file start_6.txt (compact mmCIF, C-alpha atoms)
# COMPACT_ATOMS: atom_id res chain seq x y z
CA MET A 1 98.55 56.57 137.96
CA ARG A 2 101.50 58.64 138.99
CA THR A 3 103.91 60.87 137.08
CA GLN A 4 106.37 63.62 137.88
CA VAL A 5 104.70 66.30 135.72
CA ALA A 6 101.05 66.20 134.63
CA ILE A 7 100.53 68.25 131.48
CA ILE A 8 96.98 69.39 130.79
CA GLY A 9 96.60 70.15 127.10
CA GLY A 10 98.02 68.26 124.11
CA GLY A 11 98.59 71.18 121.76
CA PRO A 12 102.04 72.31 120.66
CA SER A 13 103.05 73.84 124.01
CA GLY A 14 102.08 70.79 126.07
CA LEU A 15 103.70 68.41 123.59
CA LEU A 16 106.87 70.51 123.38
CA LEU A 17 107.18 70.56 127.16
CA SER A 18 106.69 66.79 127.36
CA GLN A 19 109.33 66.19 124.69
CA LEU A 20 111.90 68.45 126.35
CA LEU A 21 111.29 66.88 129.76
CA HIS A 22 111.51 63.38 128.30
CA LYS A 23 114.96 64.15 126.90
CA ALA A 24 115.97 65.28 130.40
CA GLY A 25 114.70 62.00 131.88
CA ILE A 26 111.64 63.56 133.56
CA ASP A 27 108.38 61.60 133.33
CA THR A 28 105.16 63.23 132.08
CA VAL A 29 101.58 62.33 131.18
CA VAL A 30 99.69 64.57 128.72
CA LEU A 31 95.90 64.92 129.05
CA GLU A 32 94.04 66.22 125.97
CA ARG A 33 90.31 66.85 125.68
CA GLN A 34 90.12 66.48 121.90
CA THR A 35 91.18 63.74 119.50
CA ARG A 36 94.55 63.87 117.79
CA GLU A 37 92.79 64.45 114.46
CA TYR A 38 90.94 67.46 115.89
CA VAL A 39 94.13 68.99 117.28
CA LEU A 40 95.91 68.54 113.95
CA GLY A 41 92.93 70.08 112.14
CA ARG A 42 93.36 73.43 113.84
CA ILE A 43 94.56 76.11 111.43
CA ARG A 44 96.91 78.47 113.23
CA ALA A 45 99.74 80.85 112.48
CA GLY A 46 103.16 79.59 111.57
CA VAL A 47 105.72 82.38 112.10
CA LEU A 48 108.34 80.98 114.48
CA GLU A 49 110.74 83.16 116.42
CA THR A 50 114.41 82.27 116.78
CA GLY A 51 113.80 81.10 120.36
CA PHE A 52 111.03 78.73 119.31
CA VAL A 53 113.15 77.29 116.51
CA ASN A 54 115.99 76.65 118.96
CA LEU A 55 113.62 74.91 121.38
CA MET A 56 112.45 72.60 118.60
CA ARG A 57 116.06 71.74 117.87
CA GLU A 58 116.80 71.14 121.53
CA ALA A 59 113.77 68.85 121.70
CA GLY A 60 115.10 66.86 118.73
CA VAL A 61 112.07 67.54 116.51
CA ALA A 62 113.45 70.12 114.08
CA GLU A 63 114.46 67.95 111.13
CA ARG A 64 111.37 68.58 108.99
CA MET A 65 111.10 72.22 110.09
CA ASP A 66 114.71 72.87 109.07
CA LYS A 67 114.12 71.14 105.73
CA GLU A 68 110.71 72.55 104.79
CA GLY A 69 110.38 75.82 106.71
CA PHE A 70 110.77 79.15 104.92
CA ILE A 71 113.42 81.47 106.34
CA HIS A 72 112.19 85.06 106.31
CA ASP A 73 114.80 87.79 106.67
CA GLY A 74 112.23 90.57 106.58
CA THR A 75 108.62 91.63 106.16
CA LEU A 76 106.71 94.22 104.14
CA ILE A 77 104.57 97.05 105.56
CA ALA A 78 102.08 98.65 103.15
CA TYR A 79 99.90 101.76 103.30
CA ASP A 80 98.33 104.09 100.76
CA ASN A 81 99.37 101.86 97.84
CA GLU A 82 103.00 102.02 98.94
CA GLN A 83 105.14 99.54 100.80
CA PHE A 84 108.50 99.33 102.54
CA ARG A 85 110.56 96.49 103.94
CA ILE A 86 111.77 95.81 107.47
CA ASP A 87 115.07 93.93 107.12
CA PHE A 88 115.34 91.54 110.08
CA ALA A 89 118.79 90.29 109.09
CA LYS A 90 120.19 93.80 108.83
CA HIS A 91 118.73 95.07 112.10
CA THR A 92 119.10 91.96 114.29
CA GLY A 93 121.24 89.37 112.54
CA ASN A 94 118.32 86.95 112.98
CA HIS A 95 115.27 85.77 111.05
CA VAL A 96 111.96 84.01 111.53
CA VAL A 97 110.88 80.66 110.10
CA VAL A 98 107.48 80.19 108.47
CA TYR A 99 106.33 76.68 109.33
CA GLY A 100 102.69 75.95 110.10
CA GLN A 101 101.60 75.25 113.67
CA THR A 102 99.83 72.14 112.41
CA GLU A 103 103.18 70.82 111.18
CA VAL A 104 104.86 71.70 114.47
CA THR A 105 102.17 69.74 116.31
CA ARG A 106 102.44 66.80 113.91
CA ASP A 107 106.21 66.61 114.44
CA LEU A 108 105.75 66.69 118.22
CA TYR A 109 103.06 63.99 118.13
CA ASN A 110 105.29 61.76 116.04
CA ALA A 111 108.18 62.24 118.44
CA ARG A 112 105.94 61.51 121.42
CA GLU A 113 104.82 58.25 119.79
CA LYS A 114 108.38 57.17 119.01
CA MET A 115 109.43 57.61 122.62
CA GLY A 116 106.36 55.80 123.93
CA GLY A 117 105.13 58.82 125.85
CA ALA A 118 101.68 58.88 127.39
CA VAL A 119 99.12 61.12 125.65
CA LEU A 120 95.53 60.46 126.70
CA HIS A 121 92.98 61.84 124.22
CA GLY A 122 89.26 62.31 124.80
CA VAL A 123 89.80 63.26 128.44
CA ALA A 124 86.83 64.95 130.14
CA ASP A 125 85.83 66.39 133.53
CA VAL A 126 89.38 67.44 134.38
CA GLU A 127 89.78 68.83 137.89
CA LEU A 128 92.92 69.96 139.72
CA HIS A 129 93.26 69.23 143.43
CA ASP A 130 95.42 70.06 146.46
CA LEU A 131 97.69 72.41 144.53
CA THR A 132 99.51 73.74 147.59
CA ALA A 133 100.27 70.35 149.14
CA LYS A 134 100.05 67.00 147.31
CA PRO A 135 98.71 67.80 143.83
CA TYR A 136 96.67 65.42 141.73
CA VAL A 137 94.32 65.54 138.76
CA THR A 138 91.05 63.70 138.34
CA PHE A 139 89.40 63.12 134.99
CA THR A 140 87.24 60.78 132.95
CA HIS A 141 88.81 58.69 130.19
CA ASN A 142 87.01 56.03 128.15
CA GLY A 143 84.07 56.33 130.53
CA GLN A 144 86.21 55.55 133.58
CA SER A 145 87.08 57.91 136.45
CA GLN A 146 90.84 58.30 136.79
CA ARG A 147 93.28 59.91 139.22
CA LEU A 148 96.77 61.11 138.30
CA ASP A 149 99.11 61.94 141.18
CA CYS A 150 102.08 64.15 140.39
CA ASP A 151 104.72 66.54 141.69
CA PHE A 152 103.74 69.42 139.40
CA ILE A 153 100.99 70.38 136.94
CA ALA A 154 101.58 72.33 133.71
CA GLY A 155 98.39 74.04 132.56
CA CYS A 156 98.74 74.15 128.75
CA ASP A 157 95.00 73.88 128.16
CA GLY A 158 94.18 77.22 126.59
CA PHE A 159 91.91 80.09 127.50
CA HIS A 160 88.84 77.94 128.23
CA GLY A 161 90.60 75.11 130.08
CA PRO A 162 90.30 74.31 133.79
CA SER A 163 93.85 75.17 134.85
CA ARG A 164 93.54 78.94 135.19
CA GLN A 165 90.17 78.56 136.93
CA ALA A 166 91.89 76.41 139.57
CA ILE A 167 93.73 79.48 140.87
CA PRO A 168 91.48 81.14 143.48
CA LEU A 169 90.01 84.52 142.55
CA SER A 170 91.53 85.91 145.73
CA VAL A 171 94.95 85.21 144.16
CA ARG A 172 94.29 85.62 140.44
CA ARG A 173 94.13 88.97 138.66
CA GLU A 174 93.21 89.30 134.99
CA TYR A 175 93.84 92.09 132.48
CA GLU A 176 91.96 92.21 129.19
CA LYS A 177 91.36 94.36 126.13
CA VAL A 178 88.83 93.22 123.52
CA TYR A 179 89.20 94.74 120.05
CA PRO A 180 86.11 95.86 118.10
CA PHE A 181 86.82 93.77 114.99
CA GLY A 182 87.93 90.34 113.87
CA TRP A 183 90.06 88.73 111.20
CA LEU A 184 88.45 86.82 108.34
CA GLY A 185 91.02 84.25 107.26
CA VAL A 186 91.10 82.18 104.09
CA LEU A 187 93.39 79.25 103.31
CA SER A 188 93.83 78.47 99.61
CA GLU A 189 95.92 76.12 97.50
CA THR A 190 97.59 78.96 95.65
CA PRO A 191 101.17 80.28 95.53
CA PRO A 192 101.84 83.19 97.94
CA VAL A 193 101.59 86.65 96.49
CA ASP A 194 105.06 87.45 97.85
CA HIS A 195 107.95 85.48 99.32
CA GLU A 196 107.58 87.53 102.54
CA LEU A 197 104.54 88.56 104.58
CA ILE A 198 102.71 91.78 103.65
CA TYR A 199 101.04 93.73 106.49
CA SER A 200 98.75 96.33 104.98
CA ASN A 201 97.09 99.39 106.50
CA SER A 202 94.17 100.45 104.32
CA ALA A 203 91.34 102.95 104.59
CA ARG A 204 89.07 99.91 104.17
CA GLY A 205 90.76 98.05 107.03
CA PHE A 206 93.75 95.84 107.69
CA ALA A 207 94.91 92.99 105.44
CA LEU A 208 97.66 90.37 105.76
CA CYS A 209 99.19 88.20 103.05
CA SER A 210 100.87 85.13 104.53
CA MET A 211 101.67 81.56 103.53
CA ARG A 212 102.11 77.99 104.73
CA ASN A 213 104.28 76.70 101.90
CA ALA A 214 105.01 77.30 98.21
CA ASN A 215 101.50 76.21 97.18
CA LEU A 216 99.43 77.02 100.27
CA SER A 217 98.58 80.62 101.14
CA ARG A 218 96.87 82.22 104.11
CA TYR A 219 95.19 85.61 103.74
CA TYR A 220 93.29 87.82 106.20
CA VAL A 221 91.12 90.90 106.10
CA GLN A 222 89.81 92.90 109.03
CA CYS A 223 86.06 92.42 109.38
CA SER A 224 83.14 93.16 111.65
CA LEU A 225 82.58 90.92 114.66
CA SER A 226 78.99 90.54 113.50
CA ASP A 227 80.13 88.94 110.23
CA SER A 228 79.93 85.22 109.58
CA PRO A 229 82.24 83.33 107.18
CA ASP A 230 79.07 82.45 105.26
CA ASP A 231 78.59 86.16 104.56
CA TRP A 232 81.74 86.14 102.45
CA SER A 233 81.88 84.31 99.15
CA ASP A 234 85.35 83.48 97.88
CA GLN A 235 85.00 86.12 95.19
CA ALA A 236 83.95 88.77 97.69
CA PHE A 237 86.99 87.95 99.84
CA TRP A 238 89.47 88.13 96.96
CA ASP A 239 87.95 91.39 95.69
CA GLU A 240 88.22 92.95 99.14
CA LEU A 241 91.77 91.74 99.69
CA LYS A 242 92.86 93.28 96.38
CA ARG A 243 91.39 96.63 97.45
CA ARG A 244 93.48 96.62 100.64
CA ILE A 245 96.94 95.72 99.34
CA PRO A 246 99.20 97.66 96.94
CA GLU A 247 98.13 97.49 93.30
CA GLU A 248 101.39 95.79 92.33
CA ALA A 249 100.64 92.92 94.74
CA ALA A 250 96.97 92.78 93.78
CA GLU A 251 97.87 92.34 90.10
CA ARG A 252 100.02 89.26 90.76
CA LEU A 253 97.70 87.71 93.36
CA VAL A 254 96.67 84.19 92.37
CA THR A 255 93.17 83.36 93.62
CA GLY A 256 91.37 80.06 93.99
CA PRO A 257 88.74 78.20 96.01
CA SER A 258 89.09 78.49 99.77
CA ILE A 259 89.78 75.25 101.61
CA GLU A 260 89.20 76.84 105.03
CA LYS A 261 87.47 80.06 106.01
CA SER A 262 86.99 81.39 109.54
CA ILE A 263 86.69 84.55 111.62
CA ALA A 264 88.83 85.08 114.71
CA PRO A 265 88.11 87.78 117.30
CA LEU A 266 91.05 89.77 118.65
CA ARG A 267 91.90 90.27 122.31
CA SER A 268 94.79 91.03 124.61
CA PHE A 269 94.69 89.10 127.88
CA VAL A 270 97.06 88.38 130.77
CA THR A 271 96.49 86.64 134.08
CA GLU A 272 98.79 87.04 137.08
CA PRO A 273 100.40 85.11 138.68
CA MET A 274 101.30 82.25 136.36
CA ARG A 275 102.12 79.94 139.26
CA TYR A 276 99.97 78.78 142.15
CA GLY A 277 101.52 76.11 144.33
CA ALA A 278 102.35 73.15 142.12
CA LEU A 279 100.44 74.60 139.13
CA PHE A 280 102.23 76.48 136.34
CA LEU A 281 100.24 78.15 133.55
CA CYS A 282 101.62 78.21 130.02
CA GLY A 283 100.49 79.75 126.75
CA ASP A 284 96.85 80.70 126.16
CA ALA A 285 95.91 79.49 129.65
CA ALA A 286 97.76 82.55 130.95
CA HIS A 287 97.81 85.08 128.12
CA ILE A 288 96.47 85.87 124.65
CA VAL A 289 97.74 88.38 122.10
CA PRO A 290 96.10 89.67 118.94
CA PRO A 291 97.72 87.85 116.00
CA THR A 292 99.09 91.01 114.39
CA GLY A 293 102.58 90.57 115.81
CA ALA A 294 102.75 86.76 115.28
CA LYS A 295 103.33 86.19 118.99
CA GLY A 296 100.70 83.65 120.10
CA LEU A 297 102.61 80.39 119.66
CA ASN A 298 105.90 82.13 120.39
CA THR A 299 104.83 83.47 123.78
CA ALA A 300 103.79 79.93 124.71
CA ALA A 301 107.27 78.76 123.71
CA SER A 302 108.93 81.26 126.04
CA ASP A 303 106.79 79.96 128.91
CA ILE A 304 107.85 76.41 128.03
CA HIS A 305 111.49 77.49 128.04
CA TYR A 306 111.25 78.97 131.54
CA LEU A 307 109.24 76.06 132.94
CA TYR A 308 111.37 73.36 131.34
CA THR A 309 114.53 75.05 132.62
CA GLY A 310 113.07 75.30 136.13
CA LEU A 311 111.87 71.69 136.21
CA ARG A 312 115.18 70.39 134.91
CA GLN A 313 117.05 72.34 137.60
CA HIS A 314 114.64 71.04 140.24
CA TYR A 315 115.00 67.38 139.32
CA LEU A 316 118.58 67.20 138.09
CA ASP A 317 120.31 69.85 140.22
CA LYS A 318 118.02 69.86 143.27
CA ASP A 319 117.64 73.62 142.76
CA SER A 320 114.13 75.10 142.87
CA ASN A 321 115.05 78.72 142.09
CA GLY A 322 113.96 78.41 138.45
CA LEU A 323 110.49 77.31 139.53
CA ASP A 324 110.34 80.00 142.21
CA VAL A 325 110.97 82.79 139.66
CA TYR A 326 108.96 81.20 136.81
CA SER A 327 105.96 83.53 137.00
CA GLN A 328 108.07 86.66 137.39
CA LYS A 329 110.36 85.84 134.45
CA ALA A 330 107.58 84.63 132.17
CA LEU A 331 105.38 87.68 132.82
CA ALA A 332 108.24 90.12 132.26
CA ARG A 333 108.62 88.82 128.71
CA ILE A 334 104.88 88.35 128.14
CA TRP A 335 104.07 91.98 128.84
CA LYS A 336 106.68 93.07 126.29
CA ALA A 337 105.09 90.75 123.71
CA GLU A 338 101.66 92.10 124.64
CA ARG A 339 102.91 95.65 124.11
CA PHE A 340 104.32 94.81 120.68
CA SER A 341 101.15 93.03 119.53
CA TRP A 342 98.96 95.87 120.85
CA TRP A 343 101.17 98.43 119.06
CA MET A 344 101.12 96.55 115.76
CA THR A 345 97.34 96.20 116.00
CA ASN A 346 96.89 99.92 116.61
CA LEU A 347 99.32 100.80 113.83
CA LEU A 348 97.63 98.77 111.11
CA HIS A 349 93.87 98.57 111.81
CA ARG A 350 90.99 100.98 111.42
CA PHE A 351 88.96 101.39 114.60
CA PRO A 352 85.26 102.34 114.59
CA ASP A 353 85.82 105.38 116.81
CA GLN A 354 88.96 106.71 115.08
CA SER A 355 88.90 110.45 114.50
CA GLU A 356 90.60 112.18 111.59
CA PHE A 357 93.33 113.18 114.03
CA ASP A 358 93.83 109.54 115.03
CA ILE A 359 94.18 108.52 111.37
CA LYS A 360 96.75 111.28 110.79
CA MET A 361 98.73 110.05 113.79
CA GLN A 362 98.61 106.51 112.45
CA ARG A 363 99.93 107.72 109.10
CA ALA A 364 102.69 109.70 110.82
CA ASP A 365 103.67 106.60 112.79
CA LEU A 366 103.91 104.57 109.58
CA GLU A 367 105.99 107.23 107.84
CA PHE A 368 108.31 107.53 110.84
CA LEU A 369 108.78 103.76 110.79
CA ARG A 370 109.51 103.88 107.07
CA GLU A 371 112.14 106.61 107.42
CA ASN A 372 113.77 105.84 110.77
CA ASP A 373 116.39 103.13 111.09
CA ALA A 374 116.11 102.94 114.88
CA ALA A 375 112.33 102.45 114.71
CA GLN A 376 112.82 99.63 112.23
CA THR A 377 115.36 98.02 114.56
CA VAL A 378 112.84 98.08 117.42
CA LEU A 379 110.19 96.39 115.26
CA ALA A 380 112.67 93.83 113.94
CA GLU A 381 113.98 92.95 117.43
CA ASN A 382 110.47 92.35 118.69
CA TYR A 383 109.34 90.44 115.60
CA VAL A 384 112.20 87.93 115.53
CA GLY A 385 111.73 87.52 119.29
CA LEU A 386 113.18 89.08 122.40
CA PRO A 387 115.73 86.88 124.20
CA PHE A 388 114.51 84.42 126.83
call {"tool": "encode", "arguments": {"input": "start_6.txt", "output": "structure tokens"}}
result
Amino acid sequence: MRTQVAIIGGGPSGLLLSQLLHKAGIDTVVLERQTREYVLGRIRAGVLETGFVNLMREAGVAERMDKEGFIHDGTLIAYDNEQFRIDFAKHTGNHVVVYGQTEVTRDLYNAREKMGGAVLHGVADVELHDLTAKPYVTFTHNGQSQRLDCDFIAGCDGFHGPSRQAIPLSVRREYEKVYPFGWLGVLSETPPVDHELIYSNSARGFALCSMRNANLSRYYVQCSLSDSPDDWSDQAFWDELKRRIPEEAAERLVTGPSIEKSIAPLRSFVTEPMRYGALFLCGDAAHIVPPTGAKGLNTAASDIHYLYTGLRQHYLDKDSNGLDVYSQKALARIWKAERFSWWMTNLLHRFPDQSEFDIKMQRADLEFLRENDAAQTVLAENYVGLPF
């Protein structure tokens, strides 16, 4: 087989890149380790920045998102049984759209099928070869060894995929911070407690009230990394959530059986560079953020923007500058997103080694944010998404 761009990873970033390139007349093949059903079964965040929304529209897959997504013009920050609102529309003129990552992926899969694009599921033993000369990918599919020759490779295969490992250690440098807690998340068929997200700093630990749609809610509480979802009954979760959010919200919270329950660890991670020869890393293959700032899927989208723009210029305009500066431009924005997610995590969580002084500083930071218009503008600009 031969294609212009081999895309390793059939999640939302790989599918979005393939759709954008297809519309530009650039051929791709997507290789995915899991089945389509498995990919669509992943429960992930669904807060979409303005830039991501615009990419979906440019890719021609925004019809359902525009119809069913919730526009959020702000968010709520709570502490000590009080809360205040950050008005995105006022401070930035923009908003975010709440639309589940599963739905984004479903829309992209459907578009890929309609255009007859190649997505190979159940791919194993993926290896990248000859990245600085004539790149190709070998893999096993349906029990048969396969070779895919290409001009470029987009590594959209996540933190544990083979793409990042294909960059020699003599070239690759990694930066990481692992946080000493996780998030216990529950999905329930209940109406959201509020029409906007509530981020809550509590003496008992962080909590987040989110949603997927008008009858599907997603809630989180900070928990120990040693916990298991089986340690938490539904009742124990709801009781703990109510203790961590303002009383007014707790009183109107509608509870019900969980339909999904999981614990996610938190880490900040960046690898440099994001390009090696014909290989370009995108999304979790190159960087991870704690979910506090809702940046995971959105940072992947900014990578896709830079790579798609560079590939289009290369093929259509015979100009390789966009590809040459891909890593530099992508990393410049990534580190800003990493800073914001790290700051939000430190602002809202309780850490095991926090001193009384640290807690006072955290409280002062929250009060400054509540009272200061400029501080709210900074948060709002970062939350709706810095420009590409």
call {"tool": "closest_residue", "arguments": {"input": "start_6.txt", "among": "A:Arg350, A:Arg275, A:His287, A:Lys134", "to": "A:Ser327", "atoms": "only C-alpha atoms"}}
result
A:Arg275
call {"tool": "closest_residue", "arguments": {"input": "start_6.txt", "among": "A:Gln19, A:Ser302, A:Ser233, A:Asn215", "to": "A:Asn110", "atoms": "all atoms listed in the file"}}
result
A:Gln19
call {"tool": "atom_distance", "arguments": {"input": "start_6.txt", "atom1": "atom CA of A:Glu63", "atom2": "atom CA of A:His95"}}
result
17.8 Å
call {"tool": "closest_residue", "arguments": {"input": "start_6.txt", "among": "A:Ile7, A:Val98, A:Leu241, A:Leu266", "to": "A:Leu225", "atoms": "all atoms listed in the file"}}
result
A:Leu266
call {"tool": "closest_residue", "arguments": {"input": "start_6.txt", "among": "A:Gly60, A:Gly100, A:Pro273, A:Pro387", "to": "A:Leu21", "atoms": "only C-alpha atoms"}}
result
A:Gly60
call {"tool": "residues_around", "arguments": {"input": "start_6.txt", "residues": "A:Glu272", "least_positions_apart": "2", "cutoff": "12 Å", "atoms": "all atoms listed in the file", "output": "ChimeraX atom specification"}}
result
/A:164,167-176,269-270,274-276,280-282,285-287,326-332,334-335
call {"tool": "axis_aligned_box", "arguments": {"input": "start_6.txt", "around": "stretch 292-298 of chain A", "padding_each_side": "4 Å", "output": "AutoDock Vina command-line options"}}
result
--center_x 102.5 --center_y 85.7 --center_z 117.4 --size_x 14.8 --size_y 18.6 --size_z 14.0
call {"tool": "closest_residue", "arguments": {"input": "start_6.txt", "among": "A:Gly122, A:Gly10, A:Pro192, A:Pro162", "to": "A:Leu253", "atoms": "only C-alpha atoms"}}
result
A:Pro192
call {"tool": "closest_atom_pairs", "arguments": {"input": "start_6.txt", "of": "stretch 249-329 of chain A", "to": "stretch 23-46 of chain A", "cutoff": "9 Å", "atoms": "all atoms listed in the file", "output": "JSON lines"}}
result
{"residue": "A:Glu260", "atom": "CA", "partner": "A:Ile43", "partner_atom": "CA", "distance": 8.4}
{"residue": "A:Pro291", "atom": "CA", "partner": "A:Ala45", "partner_atom": "CA", "distance": 8.1}
{"residue": "A:Ala294", "atom": "CA", "partner": "A:Ala45", "partner_atom": "CA", "distance": 7.2}
{"residue": "A:Gly296", "atom": "CA", "partner": "A:Ala45", "partner_atom": "CA", "distance": 8.2}
{"residue": "A:Leu297", "atom": "CA", "partner": "A:Ala45", "partner_atom": "CA", "distance": 7.7}
{"residue": "A:Leu311", "atom": "CA", "partner": "A:Ile26", "partner_atom": "CA", "distance": 8.6}
{"residue": "A:Arg312", "atom": "CA", "partner": "A:Ala24", "partner_atom": "CA", "distance": 6.9}
{"residue": "A:Tyr315", "atom": "CA", "partner": "A:Ile26", "partner_atom": "CA", "distance": 7.7}
{"residue": "A:Leu316", "atom": "CA", "partner": "A:Ala24", "partner_atom": "CA", "distance": 8.3}
call {"tool": "residues_around", "arguments": {"input": "start_6.txt", "residues": "A:Arg147", "least_positions_apart": "6", "cutoff": "9 Å", "atoms": "all atoms listed in the file", "output": "list in words"}}
result
Met1, Arg2, Tyr136, Val137, Thr138, Phe139 and Thr140 of chain A
call {"tool": "closest_atom_pairs", "arguments": {"input": "start_6.txt", "of": "stretch 179-290 of chain A", "to": "stretch 75-86 of chain A", "cutoff": "7 Å", "atoms": "only C-alpha atoms", "output": "CSV"}}
result
residue,atom,partner,partner_atom,distance
A:Glu196,CA,A:Thr75,CA,5.6
A:Leu197,CA,A:Thr75,CA,5.3
A:Ile198,CA,A:Leu76,CA,4.7
A:Tyr199,CA,A:Ile77,CA,4.9
A:Ser200,CA,A:Ala78,CA,4.5
A:Asn201,CA,A:Tyr79,CA,4.9
A:Ser202,CA,A:Tyr79,CA,6.0
A:Ile245,CA,A:Asn81,CA,6.8
A:Pro246,CA,A:Asn81,CA,4.3
A:Glu247,CA,A:Asn81,CA,6.4
call {"tool": "closest_residue", "arguments": {"input": "start_6.txt", "among": "A:Met211, A:Val186, A:Leu366, A:Val97", "to": "A:Trp343", "atoms": "only C-alpha atoms"}}
result
A:Leu366
call {"tool": "atom_distance", "arguments": {"input": "start_6.txt", "atom1": "atom CA of A:Gly310", "atom2": "atom CA of A:Leu279"}}
result
13.0 Å
call {"tool": "residues_around", "arguments": {"input": "start_6.txt", "residues": "stretch 68-74 of chain A", "least_positions_apart": "4", "cutoff": "12 Å", "atoms": "only C-alpha atoms", "output": "PyMOL selection string"}}
result
chain A and resi 46-50+53+62-64+84-101+103-104+194-199+210-214+376-377+379-381+383-384
call {"tool": "write_last_selection", "arguments": {"input": "start_6.txt", "atoms": "C-alpha atoms", "output": "PDB file, keeping the file's coordinate frame"}}
result
ATOM      1  CA  GLY A  46     103.160  79.590 111.570  1.00  0.00           C
ATOM      2  CA  VAL A  47     105.720  82.380 112.100  1.00  0.00           C
ATOM      3  CA  LEU A  48     108.340  80.980 114.480  1.00  0.00           C
ATOM      4  CA  GLU A  49     110.740  83.160 116.420  1.00  0.00           C
ATOM      5  CA  THR A  50     114.410  82.270 116.780  1.00  0.00           C
ATOM      6  CA  VAL A  53     113.150  77.290 116.510  1.00  0.00           C
ATOM      7  CA  ALA A  62     113.450  70.120 114.080  1.00  0.00           C
ATOM      8  CA  GLU A  63     114.460  67.950 111.130  1.00  0.00           C
ATOM      9  CA  ARG A  64     111.370  68.580 108.990  1.00  0.00           C
ATOM     10  CA  PHE A  84     108.500  99.330 102.540  1.00  0.00           C
ATOM     11  CA  ARG A  85     110.560  96.490 103.940  1.00  0.00           C
ATOM     12  CA  ILE A  86     111.770  95.810 107.470  1.00  0.00           C
ATOM     13  CA  ASP A  87     115.070  93.930 107.120  1.00  0.00           C
ATOM     14  CA  PHE A  88     115.340  91.540 110.080  1.00  0.00           C
ATOM     15  CA  ALA A  89     118.790  90.290 109.090  1.00  0.00           C
ATOM     16  CA  LYS A  90     120.190  93.800 108.830  1.00  0.00           C
ATOM     17  CA  HIS A  91     118.730  95.070 112.100  1.00  0.00           C
ATOM     18  CA  THR A  92     119.100  91.960 114.290  1.00  0.00           C
ATOM     19  CA  GLY A  93     121.240  89.370 112.540  1.00  0.00           C
ATOM     20  CA  ASN A  94     118.320  86.950 112.980  1.00  0.00           C
ATOM     21  CA  HIS A  95     115.270  85.770 111.050  1.00  0.00           C
ATOM     22  CA  VAL A  96     111.960  84.010 111.530  1.00  0.00           C
ATOM     23  CA  VAL A  97     110.880  80.660 110.100  1.00  0.00           C
ATOM     24  CA  VAL A  98     107.480  80.190 108.470  1.00  0.00           C
ATOM     25  CA  TYR A  99     106.330  76.680 109.330  1.00  0.00           C
ATOM     26  CA  GLY A 100     102.690  75.950 110.100  1.00  0.00           C
ATOM     27  CA  GLN A 101     101.600  75.250 113.670  1.00  0.00           C
ATOM     28  CA  GLU A 103     103.180  70.820 111.180  1.00  0.00           C
ATOM     29  CA  VAL A 104     104.860  71.700 114.470  1.00  0.00           C
ATOM     30  CA  ASP A 194     105.060  87.450  97.850  1.00  0.00           C
ATOM     31  CA  HIS A 195     107.950  85.480  99.320  1.00  0.00           C
ATOM     32  CA  GLU A 196     107.580  87.530 102.540  1.00  0.00           C
ATOM     33  CA  LEU A 197     104.540  88.560 104.580  1.00  0.00           C
ATOM     34  CA  ILE A 198     102.710  91.780 103.650  1.00  0.00           C
ATOM     35  CA  TYR A 199     101.040  93.730 106.490  1.00  0.00           C
ATOM     36  CA  SER A 210     100.870  85.130 104.530  1.00  0.00           C
ATOM     37  CA  MET A 211     101.670  81.560 103.530  1.00  0.00           C
ATOM     38  CA  ARG A 212     102.110  77.990 104.730  1.00  0.00           C
ATOM     39  CA  ASN A 213     104.280  76.700 101.900  1.00  0.00           C
ATOM     40  CA  ALA A 214     105.010  77.300  98.210  1.00  0.00           C
ATOM     41  CA  GLN A 376     112.820  99.630 112.230  1.00  0.00           C
ATOM     42  CA  THR A 377     115.360  98.020 114.560  1.00  0.00           C
ATOM     43  CA  LEU A 379     110.190  96.390 115.260  1.00  0.00           C
ATOM     44  CA  ALA A 380     112.670  93.830 113.940  1.00  0.00           C
ATOM     45  CA  GLU A 381     113.980  92.950 117.430  1.00  0.00           C
ATOM     46  CA  TYR A 383     109.340  90.440 115.600  1.00  0.00           C
ATOM     47  CA  VAL A 384     112.200  87.930 115.530  1.00  0.00           C
TER      48      VAL A 384
END
call {"tool": "residues_around", "arguments": {"input": "start_6.txt", "residues": "A:Arg339", "least_positions_apart": "3", "cutoff": "10 Å", "atoms": "only C-alpha atoms", "output": "list in words"}}
result
Ser268, Val289, Gly293, Ile334, Trp335, Lys336, Trp342, Trp343, Met344, Thr345 and Asn382 of chain A
call {"tool": "atom_distance", "arguments": {"input": "start_6.txt", "atom1": "atom CA of A:Ser13", "atom2": "atom CA of A:Gly182"}}
result
24.6 Å
call {"tool": "build_atoms", "arguments": {"input": "start_6.txt", "residues": "stretch 206-210 of chain A", "atoms": "N, CA and C atoms", "output": "short mmCIF file (atom, residue, chain, number, x, y, z; two decimals), in the frame of the given file"}}
result
data_model
loop_
_atom_site.label_atom_id
_atom_site.label_comp_id
_atom_site.auth_asym_id
_atom_site.auth_seq_id
_atom_site.Cartn_x
_atom_site.Cartn_y
_atom_site.Cartn_z
N PHE A 206 92.50 96.59 107.75
CA PHE A 206 93.75 95.84 107.69
C PHE A 206 93.66 94.64 106.76
N ALA A 207 94.80 94.24 106.19
CA ALA A 207 94.91 92.99 105.44
C ALA A 207 96.29 92.40 105.67
N LEU A 208 96.38 91.07 105.60
CA LEU A 208 97.66 90.37 105.76
C LEU A 208 97.76 89.29 104.70
N CYS A 209 98.89 89.26 104.01
CA CYS A 209 99.19 88.20 103.05
C CYS A 209 100.28 87.32 103.65
N SER A 210 99.94 86.07 103.90
CA SER A 210 100.87 85.13 104.53
C SER A 210 100.88 83.84 103.73
#
